[in-house]
$ cat coords.cif   # mmCIF, C-alpha atoms
data_final
loop_
_atom_site.label_atom_id
_atom_site.label_comp_id
_atom_site.auth_asym_id
_atom_site.auth_seq_id
_atom_site.Cartn_x
_atom_site.Cartn_y
_atom_site.Cartn_z
CA MET A 4 0.00 0.00 0.00
CA ALA A 5 2.88 2.38 0.74
CA THR A 6 4.36 1.74 -2.71
CA LEU A 7 0.99 2.16 -4.42
CA THR A 8 0.46 5.43 -2.55
CA ALA A 9 3.78 6.65 -3.94
CA LEU A 10 2.63 5.64 -7.43
CA VAL A 11 -0.58 7.68 -7.00
CA GLU A 12 1.55 10.72 -6.16
CA LEU A 13 3.89 10.07 -9.09
CA LYS A 14 0.84 9.96 -11.37
CA ASN A 15 -1.21 12.89 -10.04
CA ASP A 16 1.31 15.27 -8.45
CA TYR A 17 4.52 14.72 -10.39
CA LEU A 18 3.08 13.52 -13.73
CA GLU A 19 5.85 10.89 -13.91
CA LEU A 20 3.78 7.71 -14.13
CA GLU A 21 3.30 6.60 -17.73
CA LYS A 22 3.19 2.81 -17.40
CA CYS A 23 4.29 0.86 -14.34
CA LEU A 24 5.29 -2.79 -14.22
CA VAL A 25 4.96 -4.68 -10.92
CA VAL A 26 6.97 -7.92 -10.70
CA ALA A 27 6.17 -10.19 -7.75
CA PRO A 28 6.19 -13.83 -6.59
CA LYS A 29 3.29 -15.81 -8.05
CA ARG A 30 0.81 -15.77 -5.18
CA VAL A 31 1.64 -12.17 -4.28
CA ALA A 32 1.17 -11.06 -7.90
CA GLU A 33 -2.10 -12.93 -8.26
CA ASP A 34 -3.61 -12.04 -4.87
CA THR A 35 -1.95 -9.35 -2.77
CA TRP A 36 -1.32 -6.58 -5.34
CA PRO A 37 -4.76 -6.74 -7.01
CA ASN A 38 -6.52 -6.91 -3.64
CA GLU A 39 -4.57 -3.96 -2.23
CA LEU A 40 -5.47 -1.91 -5.32
CA ARG A 41 -9.16 -2.72 -4.81
CA LYS A 42 -9.13 -2.23 -1.04
CA TRP A 43 -8.05 1.40 -0.55
CA ASP A 44 -10.18 4.37 -1.63
CA HIS A 45 -7.24 6.62 -2.41
CA LEU A 46 -5.85 4.07 -4.90
CA ARG A 47 -8.92 4.08 -7.14
CA ASP A 48 -7.19 6.48 -9.54
CA LEU A 49 -4.85 3.62 -10.47
CA SER A 50 -6.07 1.25 -13.17
CA PHE A 51 -4.38 -2.12 -13.39
CA VAL A 52 -4.10 -5.24 -15.52
CA GLU A 53 -2.93 -8.71 -14.50
CA VAL A 54 -0.63 -10.19 -17.14
CA ARG A 55 -1.08 -13.93 -16.76
CA GLY A 56 -2.34 -17.11 -18.43
CA THR A 57 -1.31 -18.37 -21.87
CA PRO A 58 1.05 -16.36 -24.11
CA ALA A 59 -1.98 -15.19 -26.12
CA GLN A 60 -3.79 -14.05 -22.95
CA ARG A 61 -0.67 -12.22 -21.76
CA LYS A 62 -0.29 -10.40 -25.06
CA GLU A 63 -3.95 -9.41 -24.97
CA ALA A 64 -3.52 -8.04 -21.41
CA LEU A 65 -0.52 -5.96 -22.50
CA GLU A 66 -2.64 -4.34 -25.23
CA LYS A 67 -5.04 -2.92 -22.62
CA GLN A 68 -4.56 0.63 -21.36
CA ALA A 69 -3.71 0.82 -17.66
CA ASP A 70 -1.43 2.51 -15.14
CA ILE A 71 -0.08 -0.73 -13.65
CA TYR A 72 0.66 -4.12 -15.20
CA ILE A 73 1.23 -6.96 -12.74
CA ILE A 74 3.29 -10.05 -13.68
CA THR A 75 4.96 -12.92 -11.87
CA ARG A 76 8.74 -12.91 -11.72
CA ASP A 77 9.02 -16.08 -13.83
CA LEU A 78 7.59 -14.09 -16.77
CA VAL A 79 10.27 -11.38 -16.77
CA ALA A 80 12.40 -13.08 -19.44
CA TRP A 81 9.32 -13.72 -21.60
CA LEU A 82 8.21 -10.08 -21.30
CA VAL A 83 11.60 -8.66 -22.27
CA ASN A 84 11.86 -11.05 -25.22
CA TYR A 85 8.32 -10.21 -26.37
CA LEU A 86 8.56 -6.42 -26.12
CA GLY A 87 12.18 -5.99 -27.17
CA LEU A 88 12.77 -2.40 -28.29
CA ASP A 89 9.09 -1.62 -27.66
CA TRP A 90 9.65 -1.68 -23.89
CA SER A 91 7.41 1.10 -22.54
CA PHE A 92 7.37 0.71 -18.73
CA ASN A 93 9.01 3.82 -17.33
CA ILE A 94 8.55 2.68 -13.70
CA VAL A 95 9.21 -0.85 -12.43
CA VAL A 96 8.42 -2.22 -8.97
CA LEU A 97 10.33 -5.35 -7.98
CA ASP A 98 8.50 -6.97 -5.10
CA GLU A 99 10.98 -9.28 -3.38
CA LEU A 100 14.04 -7.63 -4.90
CA SER A 101 16.29 -10.32 -3.40
CA SER A 102 14.93 -12.78 -5.98
CA PHE A 103 17.20 -10.86 -8.40
CA LYS A 104 20.28 -11.38 -6.22
CA SER A 105 21.98 -13.77 -8.67
CA HIS A 106 23.83 -11.99 -11.46
CA GLN A 107 23.70 -15.25 -13.44
CA SER A 108 19.91 -15.65 -13.38
CA GLN A 109 17.89 -15.17 -16.56
CA ARG A 110 15.52 -12.71 -14.91
CA PHE A 111 18.44 -10.44 -13.92
CA LYS A 112 20.19 -10.68 -17.28
CA LYS A 113 17.01 -9.89 -19.19
CA LEU A 114 15.96 -6.99 -17.00
CA ARG A 115 19.47 -5.59 -17.23
CA THR A 116 19.12 -5.22 -21.01
CA VAL A 117 16.12 -2.89 -20.69
CA ARG A 118 17.29 -1.09 -17.53
CA PRO A 119 18.45 2.04 -19.47
CA ARG A 120 14.84 2.47 -20.70
CA ILE A 121 13.44 2.58 -17.13
CA ASP A 122 13.26 5.96 -15.35
CA ARG A 123 12.58 4.68 -11.84
CA ILE A 124 12.90 1.31 -10.11
CA ILE A 125 11.49 0.55 -6.67
CA GLY A 126 12.77 -2.60 -4.96
CA LEU A 127 11.02 -4.15 -1.96
CA THR A 128 12.52 -6.83 0.26
CA GLY A 129 12.89 -7.80 3.88
CA THR A 130 16.04 -9.84 3.12
CA PRO A 131 18.38 -7.79 0.89
CA ALA A 132 21.44 -9.89 1.76
CA PRO A 133 20.21 -13.36 2.78
CA ASN A 134 23.58 -15.02 2.20
CA GLY A 135 25.86 -12.03 2.83
CA TYR A 136 26.81 -8.77 1.14
CA MET A 137 27.78 -10.52 -2.10
CA ASP A 138 24.04 -10.71 -2.82
CA LEU A 139 23.74 -6.93 -2.96
CA TRP A 140 25.54 -6.23 -6.23
CA SER A 141 22.92 -7.33 -8.78
CA GLN A 142 20.06 -5.82 -6.74
CA LEU A 143 21.80 -2.46 -6.49
CA PHE A 144 22.81 -2.60 -10.14
CA LEU A 145 19.13 -2.74 -11.11
CA LEU A 146 18.50 0.32 -8.94
CA ASP A 147 21.39 2.55 -10.08
CA GLN A 148 23.05 0.76 -13.04
CA GLY A 149 26.31 0.29 -11.16
CA LYS A 150 26.94 3.86 -9.95
CA ARG A 151 27.50 2.90 -6.32
CA LEU A 152 28.87 -0.66 -6.23
CA GLY A 153 30.48 -0.94 -9.67
CA ARG A 154 29.32 -1.85 -13.15
CA THR A 155 30.45 -5.49 -12.94
CA ILE A 156 30.38 -8.20 -10.31
CA THR A 157 34.14 -8.65 -10.83
CA GLU A 158 34.79 -5.02 -9.93
CA PHE A 159 32.58 -5.37 -6.83
CA ARG A 160 34.35 -8.54 -5.68
CA ARG A 161 37.83 -7.13 -6.26
CA LYS A 162 37.10 -3.99 -4.27
CA TYR A 163 35.25 -5.39 -1.24
CA PHE A 164 36.12 -9.10 -0.88
CA HIS A 165 39.05 -11.47 -0.38
CA ALA A 166 39.05 -14.46 -2.74
CA PHE A 167 40.08 -17.92 -1.48
CA LEU A 168 40.57 -20.69 -4.04
CA ARG A 169 39.02 -24.00 -3.00
CA PRO A 170 39.36 -27.33 -4.87
CA THR A 171 36.07 -26.89 -6.77
CA TYR A 172 35.05 -23.26 -6.23
CA THR A 173 36.18 -19.79 -5.12
CA ASP A 174 35.15 -18.59 -1.68
CA TYR A 175 34.70 -14.84 -1.08
CA GLN A 176 34.92 -13.20 2.33
CA ILE A 177 34.16 -9.55 2.88
CA ARG A 178 37.14 -7.35 3.71
CA GLU A 179 37.44 -5.66 7.09
CA GLY A 180 35.55 -2.35 7.05
CA ALA A 181 33.94 -3.09 3.67
CA GLN A 182 30.48 -3.64 5.11
CA LYS A 183 30.41 -0.15 6.60
CA GLU A 184 31.74 1.30 3.35
CA ILE A 185 29.02 -0.42 1.30
CA ASP A 186 26.33 0.73 3.74
CA GLU A 187 27.53 4.30 3.37
CA LYS A 188 27.54 4.15 -0.43
CA ILE A 189 23.99 2.85 -0.76
CA ARG A 190 22.30 4.66 2.11
CA ASP A 191 20.97 7.50 -0.08
CA ILE A 192 18.77 5.11 -2.11
CA CYS A 193 17.95 2.50 0.55
CA LEU A 194 15.24 3.01 3.17
CA SER A 195 15.24 0.52 6.03
CA MET A 196 12.28 0.42 8.40
CA LYS A 197 11.80 -1.71 11.49
CA ALA A 198 8.27 -2.80 12.37
CA ARG A 199 8.81 -2.12 16.07
CA ASP A 200 9.49 1.56 15.30
CA TYR A 201 6.24 2.06 13.40
CA LEU A 202 3.70 -0.55 14.52
CA SER A 203 2.11 -0.97 17.91
CA MET A 204 1.38 -4.70 18.18
CA GLU A 205 0.88 -7.02 21.08
CA GLU A 206 3.54 -9.66 21.57
CA PRO A 207 2.36 -13.11 20.47
CA VAL A 208 1.66 -15.68 23.14
CA TYR A 209 3.99 -18.68 22.73
CA ILE A 210 2.71 -22.03 24.00
CA ILE A 211 5.18 -24.91 23.87
CA ARG A 212 3.67 -28.39 23.85
CA GLU A 213 6.03 -31.34 23.65
CA ALA A 214 5.06 -34.65 22.03
CA GLU A 215 7.17 -37.41 23.57
CA MET A 216 8.42 -40.41 21.59
CA ASP A 217 8.44 -43.80 23.30
CA LYS A 218 11.67 -45.70 24.05
CA LYS A 219 11.71 -47.57 20.74
CA GLU A 220 11.21 -44.39 18.69
CA TRP A 221 13.76 -42.49 20.77
CA LYS A 222 16.27 -45.28 20.21
CA LEU A 223 15.85 -44.93 16.41
CA TYR A 224 16.33 -41.18 16.74
CA LYS A 225 19.58 -41.52 18.73
CA GLN A 226 20.85 -44.20 16.34
CA MET A 227 20.33 -41.93 13.32
CA GLU A 228 22.01 -39.09 15.18
CA LYS A 229 25.05 -41.24 16.02
CA GLU A 230 25.40 -43.63 13.07
CA ALA A 231 23.56 -41.81 10.21
CA LEU A 232 21.70 -45.08 9.54
CA ILE A 233 18.67 -46.87 10.96
CA GLU A 234 17.01 -50.18 10.15
CA LEU A 235 13.24 -49.86 10.49
CA ASP A 236 12.49 -53.47 9.51
CA ASP A 237 13.81 -56.20 7.21
CA GLU A 238 13.01 -54.18 4.10
CA ASN A 239 13.54 -50.56 5.13
CA VAL A 240 16.99 -49.18 5.88
CA VAL A 241 17.37 -45.38 5.94
CA PHE A 242 20.74 -43.67 5.77
CA ALA A 243 22.15 -40.15 5.46
CA LEU A 244 25.28 -39.17 3.54
CA SER A 245 26.15 -35.88 5.26
CA ALA A 246 25.71 -34.00 8.53
CA ALA A 247 23.03 -31.82 6.90
CA ALA A 248 21.19 -34.93 5.71
CA VAL A 249 21.33 -36.39 9.23
CA SER A 250 19.79 -33.19 10.62
CA ASN A 251 17.02 -33.40 8.01
CA LYS A 252 16.31 -37.06 8.82
CA LEU A 253 16.12 -36.23 12.54
CA LEU A 254 13.55 -33.53 11.83
CA GLN A 255 11.53 -36.05 9.81
CA LEU A 256 11.74 -38.59 12.64
CA ALA A 257 10.58 -35.99 15.14
CA ASN A 258 7.55 -35.26 12.94
CA GLY A 259 6.75 -38.97 12.71
CA ALA A 260 7.66 -40.09 9.16
CA ILE A 261 11.05 -40.52 7.51
CA TYR A 262 11.86 -40.69 3.80
CA ASP A 263 13.86 -43.62 2.39
CA GLU A 264 16.22 -43.46 -0.62
CA ASN A 265 13.21 -43.87 -2.94
CA LYS A 266 11.55 -40.78 -1.40
CA LYS A 267 8.86 -42.92 0.15
CA ALA A 268 7.66 -41.71 3.55
CA ILE A 269 7.68 -44.42 6.23
CA GLU A 270 5.60 -43.64 9.30
CA VAL A 271 7.41 -44.17 12.60
CA HIS A 272 4.99 -42.65 15.12
CA ASP A 273 1.85 -40.50 15.38
CA LYS A 274 2.66 -38.55 18.55
CA LYS A 275 2.53 -35.15 16.85
CA LEU A 276 -0.70 -35.99 15.05
CA GLU A 277 -2.32 -36.75 18.39
CA MET A 278 -0.99 -33.47 19.79
CA LEU A 279 -2.25 -31.57 16.75
CA GLU A 280 -5.76 -32.96 17.21
CA GLU A 281 -5.72 -31.87 20.85
CA LEU A 282 -4.59 -28.33 19.96
CA ILE A 283 -7.28 -27.95 17.30
CA ASP A 284 -9.90 -29.14 19.79
CA GLU A 285 -8.61 -26.60 22.31
CA ALA A 286 -9.02 -23.82 19.72
CA GLN A 287 -12.78 -24.33 20.17
CA GLY A 288 -13.72 -23.55 16.60
CA GLU A 289 -11.25 -20.70 16.06
CA PRO A 290 -9.53 -20.96 12.65
CA VAL A 291 -6.10 -22.59 12.88
CA LEU A 292 -3.17 -22.19 10.48
CA VAL A 293 -0.78 -25.16 10.55
CA PHE A 294 2.76 -24.81 9.18
CA TYR A 295 4.23 -28.05 7.86
CA SER A 296 7.76 -29.02 6.82
CA TYR A 297 7.37 -32.05 4.53
CA ARG A 298 4.79 -33.22 2.00
CA SER A 299 4.32 -36.39 4.08
CA ASP A 300 3.17 -34.17 6.96
CA VAL A 301 0.25 -32.92 4.85
CA GLU A 302 -0.93 -36.40 3.90
CA ARG A 303 -0.66 -37.66 7.47
CA ILE A 304 -2.51 -34.63 8.84
CA ARG A 305 -5.24 -35.15 6.23
CA SER A 306 -5.63 -38.78 7.38
CA ARG A 307 -6.59 -37.48 10.84
CA ILE A 308 -8.35 -34.24 9.86
CA PRO A 309 -9.97 -34.83 6.43
CA ASP A 310 -11.43 -31.33 5.96
CA ILE A 311 -8.12 -29.43 6.03
CA ARG A 312 -7.42 -26.98 3.20
CA VAL A 313 -3.90 -26.70 1.73
CA LEU A 314 -2.89 -23.13 0.86
CA ASP A 315 -2.51 -23.14 -2.91
CA THR A 316 -4.78 -20.68 -4.74
CA GLU A 317 -6.22 -17.18 -4.49
CA LYS A 318 -9.53 -18.73 -3.40
CA ASP A 319 -7.79 -20.41 -0.45
CA ILE A 320 -6.49 -17.01 0.69
CA ALA A 321 -9.88 -15.32 0.23
CA ASP A 322 -11.75 -18.13 2.03
CA TRP A 323 -9.26 -18.11 4.90
CA ASN A 324 -9.58 -14.34 5.36
CA ALA A 325 -13.38 -14.70 5.25
CA GLY A 326 -13.28 -17.22 8.10
CA LYS A 327 -14.53 -20.09 5.95
CA ILE A 328 -11.62 -22.48 6.62
CA PRO A 329 -11.38 -24.08 10.10
CA VAL A 330 -7.91 -25.63 9.49
CA MET A 331 -5.52 -24.54 6.75
CA VAL A 332 -2.04 -26.00 6.25
CA ALA A 333 0.73 -24.09 4.54
CA HIS A 334 4.47 -24.29 4.02
CA PRO A 335 6.11 -21.28 5.73
CA ALA A 336 8.31 -20.62 2.68
CA SER A 337 5.28 -20.18 0.43
CA ALA A 338 3.37 -18.06 2.96
CA GLY A 339 6.25 -15.81 3.96
CA HIS A 340 6.41 -13.27 1.14
CA GLY A 341 3.71 -10.63 1.24
CA LEU A 342 0.56 -12.73 1.56
CA ASN A 343 -2.22 -11.11 3.58
CA LEU A 344 -3.48 -13.88 5.89
CA GLN A 345 -4.01 -11.78 9.00
CA GLN A 346 -7.80 -11.51 8.74
CA GLY A 347 -8.58 -15.22 8.98
CA GLY A 348 -7.36 -16.09 12.44
CA SER A 349 -4.65 -15.61 15.05
CA ILE A 350 -3.64 -19.18 15.97
CA ILE A 351 -0.61 -20.76 14.30
CA ILE A 352 0.63 -24.28 15.00
CA TRP A 353 4.09 -25.31 13.84
CA PHE A 354 3.77 -29.04 13.15
CA GLY A 355 7.51 -29.25 12.54
CA LEU A 356 10.32 -27.33 14.17
CA PRO A 357 11.05 -24.09 12.23
#
$ encode --input "coords.cif" --output "structure tokens"
Amino acid sequence: MATLTALVELKNDYLELEKCLVVAPKRVAEDTWPNELRKWDHLRDLSFVEVRGTPAQRKEALEKQADIYIITRDLVAWLVNYLGLDWSFNIVVLDELSSFKSHQSQRFKKLRTVRPRIDRIIGLTGTPAPNGYMDLWSQLFLLDQGKRLGRTITEFRRKYFHAFLRPTYTDYQIREGAQKEIDEKIRDICLSMKARDYLSMEEPVYIIREAEMDKKEWKLYKQMEKEALIELDDENVVFALSAAAVSNKLLQLANGAIYDENKKAIEVHDKKLEMLEELIDEAQGEPVLVFYSYRSDVERIRSRIPDIRVLDTEKDIADWNAGKIPVMVAHPASAGHGLNLQQGGSIIIWFGLP
């Protein structure tokens, strides 16, 4: 809404808005942006078109006259290829700018070719450097075409990082003092806001409920932890090839089902399912959002609670916010980028450890 408010001002007060392109993750593009445009009275001056569907439907949408054209980020390469020299979006909003953090990705390379034709770019993200400051270069390049951090990734690396040659790759570590220097260079075009400084919200109430495995299940858990291999029965042996894989298998065991080498989920216990049923009963009819970790979790939850809804479509979001879904399950990764789910309920259960 803040970005759209700025676009209203750019249109009415500054006469800068000709055509704006909004690029967002799929669910956010298909649900959040259109709904925000419809929701607020002061945004009714902005007309918009959703560019989606088959190539023919997308081309038809682009022919319509509007202030804002909304597409999913996986269509960026297609759009640049289709429009070519006819690129006419003078303002571009990149919702989840960090999805352009790789300088080798097609979406970055394609958008880079039309960047000189764009007057203003607005990038939105809560995680600008998820893996470190190396992720910043391509994002900042789209904002300023290399004025602050250099015109090439090589120049950026040489100036701010030490390179260490490994057997199969090169490892880069930021130089001492470089982080502060980078912050200083980009501060004039980067606005960072903390929710606690602007929003008055009650602290959530955390309730920890532990589901205890029995001795046999606990023995399997400790064996996997120690030996990276467990034998469930004569036919099922599960093993892990790395420390990370062991950690993943332990999380699966804690949830109650572990995957074998054929990606088949083998149920070990139902302790968490029993606990989940109790928690939903205790909610006394209040809508409950359940976060799951593995696909097997969803199927096992459905076996106990048949009328669950899996978050997948715009209708699921609308029905949840309307209070029509008593239990909805979602993966936190797919629900974590800009979806408005706050109207449907206030109880969240993490089925697996986050």
$ resolve_selection --input "coords.cif" --expression "the PyMOL selection byres ((chain A and resi 264) around 12)" --output "list in words"
Leu232, Asn239, Val240, Val241, Phe242, Ala243, Leu244, Ala248, Lys252, Ile261, Tyr262, Asp263, Asn265, Lys266, Lys267, Ala268 and Ile269 of chain A
$ closest_residue --input "coords.cif" --among "A:Cys193, A:Lys162, A:Lys29, A:Gly355" --to "Glu179 (chain A)" --atoms "only C-alpha atoms"
A:Lys162
$ residues_around --input "coords.cif" --residues "Asn134 (chain A)" --least-positions-apart "2" --cutoff "12 Å" --atoms "only C-alpha atoms" --output "PDB file with C-alpha atoms, in the coordinates of the input"
ATOM      1  CA  SER A 101      16.290 -10.320  -3.400  1.00  0.00           C
ATOM      2  CA  LYS A 104      20.280 -11.380  -6.220  1.00  0.00           C
ATOM      3  CA  SER A 105      21.980 -13.770  -8.670  1.00  0.00           C
ATOM      4  CA  THR A 130      16.040  -9.840   3.120  1.00  0.00           C
ATOM      5  CA  PRO A 131      18.380  -7.790   0.890  1.00  0.00           C
ATOM      6  CA  ALA A 132      21.440  -9.890   1.760  1.00  0.00           C
ATOM      7  CA  TYR A 136      26.810  -8.770   1.140  1.00  0.00           C
ATOM      8  CA  MET A 137      27.780 -10.520  -2.100  1.00  0.00           C
ATOM      9  CA  ASP A 138      24.040 -10.710  -2.820  1.00  0.00           C
ATOM     10  CA  LEU A 139      23.740  -6.930  -2.960  1.00  0.00           C
ATOM     11  CA  TYR A 175      34.700 -14.840  -1.080  1.00  0.00           C
ATOM     12  CA  GLN A 176      34.920 -13.200   2.330  1.00  0.00           C
ATOM     13  CA  ILE A 177      34.160  -9.550   2.880  1.00  0.00           C
TER      14      ILE A 177
END
$ closest_atom_pairs --input "coords.cif" --of "region 238-290 of chain A" --to "region 223-228 of chain A" --cutoff "7 Å" --atoms "all atoms listed in the file" --output "CSV"
residue,atom,partner,partner_atom,distance
A:Val249,CA,A:Glu228,CA,6.6
A:Leu253,CA,A:Tyr224,CA,6.5
A:Leu256,CA,A:Tyr224,CA,6.7
$ residues_around --input "coords.cif" --residues "Val208 (chain A)" --least-positions-apart "3" --cutoff "12 Å" --atoms "all atoms listed in the file" --output "list in words"
Glu205, Ile211, Ser349, Ile350, Ile351 and Ile352 of chain A
$ residues_around --input "coords.cif" --residues "region 180-191 of chain A" --least-positions-apart "6" --cutoff "9 Å" --atoms "all atoms listed in the file" --output "PyMOL selection string"
chain A and resi 136+143+151-152+162-164
